[in-house]
Amino acid sequence: MIKKRSEELFSKAKSFFPGGVNSPVRAFRSVGGTPLFIRRGKGAHIWDADDNEYIDYCCSWGPLILGHANDKVVEAIKSTAENGSTFGAPTELENQLAELVISNHPYIEKMRFVSSGTEAVMSAIRLARGYTGRNKILKFEGCYHGHTDSLLVKAGSGLVTFGNTSSAGVPESFVAETIVVPLNNPDAVEQAFLQFKNQIACVIIEPVPANNGLLMQTNEFLGFLREICSQNKCLLIFDEVISGFRLGFSGAAGYFDIQPDLITFGKIIGGGLPVGAYAGSSEIMSFISPEGNVYQAGTLSGNPVAMAAGIAQLSQCLRPNFYHELESKTYTFVNRLNSISNKNRLFRVFSFGSIFWIAFTDREIIRTAEEINPASMSFFRDMYHKLLEQGIYFGPSGYEVGFVSAAHSLSDFDCTLSAFDKSF
Ligand SMILES: *Cc1c(COP(=O)(O)O)cnc(C)c1O
């Protein structure tokens with residue numbers, strides 16, 4: 001495989017950007033080698049700067065549920081941009097996207113658009129603090145919520161800990177407001193509520209944690225969180241930046257039928273353009289400025305081009321059977337992958353809806369971050385390059401999940417499976 005052009009571009013990029021990239025995982029540090037520079041994408045396929053073709057299971061880390069350059073999304077972006085891309089004033093398209101979302105999502109009444117998942121989470125946390133008048137937040141080890149200061153924390157050594165910062169530049173005093181507990185552990189959550197009675201503003205969780213492997217949580221555990229939050233007058237935030245509009249239109253809230261107090265969105269909602277949102281009941285959302293006194297604003301929030309892309313994408317997701325078809329083809333694909341893994345017993349594929357994760361493990365199920373063996377990542381690295389050589393593209397880290405889009409076809413799966421067969 002020729003990578004000459006990607007190599008040249010990367011070496012130039014290193015003179016412009018730290019590590020040559022604008023988001024760290026793109027740099028291929030955990031798999032080694034040169035990142036591919038992508039020139040174009042169509043459907044489930046991408047082409048790199050050297051014109052090598054790949055079947056793409058990264059799908060920009062989740063937003064592209066219809067695949068690349070979906071005709072209707074492209075058309076909506078073009079025709080909207082012709083009339084101006086941003087006004088800093090309200091436009092009808094904001095109403096249209098909000099109506100499409102709210103009228104098809106029984107767990108929210110009002111929403112606010114922002115421009116990224118990070119911004120959505122940051123704002124939802126501020127709202128939870130403003131609404132409850134409390135400072136502390138509780139998060140789970142193994143969940144990612146974007147790069148907000150108070151969420152860049154990892155667990156310490158006890159069951160209930162204040163986080164240690166996982167990034168330089170985050171003040172200790174910020175981290176002292178973040179409690180970190182393991183996933184799937186009701187005792188740890190109970191202990192935290194006892195220890196910090198009436199101090200916890202919100203519990204935030206990815207209901208389907210998909211940023212550190214795929215750490216499947218049980219309905220019971222999520223139901224337990226709902227209950228303990230209500231008892232303690234603390235808000236439950238579902239961070240559905242990945243799971244929103246992916247596990248069905250109403251995401252994990254709908255899948256588990258659990259009513260969170262706030263939901264954060266990103267990725268799919270923008271149709272491949274930068275959009276995030278947070279949403280909840282009218283009562284809680286009324287605390288947001290200008291109605292309430294929790295301040296939050298954005299120059300490009302709800303800009304018409306991004307709204308049009310979101311509308312074009314989400315209205316296709318609302319087609320009857322859309323999610324059923326996506327999930328059943330993923331299910332078949334994952335089963336076929338697992339039959340390869342049954343032969344060699346090296347890896348196992350876990351999946352939830354159209355999200356899947358290849359884990360080098362012999363565990364039946366993995367529910368917490370500490371159940372992932374870091375040493376197993378060397379297998380992923382080897383597999384990664386073997387698959388890449390055969391035209392199969394995954395996100396370049398063994399902790400990342402893969403996504404199936406509506407554009408992936410049976411013949412894509414056949415190619416992928418035979419590449420797997422050859423690699424092992
Ligand atoms: C991707 C992601 C974020 C951050 O979204 P950005 O758009 O990258 O800022 C937050 N939470 C979850 C669950 C995510 O998957």
# chains A, B, ... in the order shown; residues from 1 in each chain; ligands from 1
>>> select_by_dssp(residues="segment 177-218 of chain A", states="alpha helix (DSSP H)", output="PDB file with N, CA and C atoms, in the first residue's frame")
ATOM      1  N   PRO A 186     -23.529  -0.248  42.101  1.00  0.00           N
ATOM      2  CA  PRO A 186     -24.501   0.524  42.885  1.00  0.00           C
ATOM      3  C   PRO A 186     -23.959   0.902  44.268  1.00  0.00           C
ATOM      4  N   ASP A 187     -23.163   0.013  44.872  1.00  0.00           N
ATOM      5  CA  ASP A 187     -22.637   0.313  46.211  1.00  0.00           C
ATOM      6  C   ASP A 187     -21.797   1.581  46.216  1.00  0.00           C
ATOM      7  N   ALA A 188     -20.964   1.725  45.182  1.00  0.00           N
ATOM      8  CA  ALA A 188     -20.093   2.899  45.118  1.00  0.00           C
ATOM      9  C   ALA A 188     -20.934   4.170  44.993  1.00  0.00           C
ATOM     10  N   VAL A 189     -22.006   4.100  44.209  1.00  0.00           N
ATOM     11  CA  VAL A 189     -22.862   5.272  44.034  1.00  0.00           C
ATOM     12  C   VAL A 189     -23.554   5.605  45.354  1.00  0.00           C
ATOM     13  N   GLU A 190     -24.064   4.573  46.026  1.00  0.00           N
ATOM     14  CA  GLU A 190     -24.731   4.797  47.314  1.00  0.00           C
ATOM     15  C   GLU A 190     -23.779   5.429  48.322  1.00  0.00           C
ATOM     16  N   GLN A 191     -22.571   4.902  48.354  1.00  0.00           N
ATOM     17  CA  GLN A 191     -21.572   5.433  49.281  1.00  0.00           C
ATOM     18  C   GLN A 191     -21.284   6.906  48.992  1.00  0.00           C
ATOM     19  N   ALA A 192     -21.206   7.250  47.702  1.00  0.00           N
ATOM     20  CA  ALA A 192     -20.954   8.650  47.328  1.00  0.00           C
ATOM     21  C   ALA A 192     -22.088   9.546  47.806  1.00  0.00           C
ATOM     22  N   PHE A 193     -23.328   9.076  47.672  1.00  0.00           N
ATOM     23  CA  PHE A 193     -24.456   9.897  48.110  1.00  0.00           C
ATOM     24  C   PHE A 193     -24.501  10.044  49.625  1.00  0.00           C
ATOM     25  N   LEU A 194     -24.033   9.024  50.333  1.00  0.00           N
ATOM     26  CA  LEU A 194     -23.971   9.135  51.793  1.00  0.00           C
ATOM     27  C   LEU A 194     -22.902  10.133  52.212  1.00  0.00           C
ATOM     28  N   GLN A 195     -21.756   9.980  51.583  1.00  0.00           N
ATOM     29  CA  GLN A 195     -20.599  10.804  51.940  1.00  0.00           C
ATOM     30  C   GLN A 195     -20.818  12.283  51.572  1.00  0.00           C
TER      31      GLN A 195
END
>>> residues_around(residues="Glu371 of chain A", least_positions_apart="5", cutoff="12 Å", atoms="only C-alpha atoms", output="ChimeraX atom specification")
/A:141-142,182-184,212-216,359-366,376
>>> closest_residue(among="A:Ser405, A:Ser423, A:Asn135, A:Ser411", to="Lys386 of chain A", atoms="only C-alpha atoms")
A:Ser423
>>> closest_residue(among="A:Phe238, A:Phe224, A:Phe140, A:Trp47", to="ligand 1", atoms="only C-alpha atoms and all ligand atoms")
A:Phe238
>>> atom_distance(atom1="atom CA of Ala252 of chain A", atom2="atom CA of Pro304 of chain A")
27.5 Å
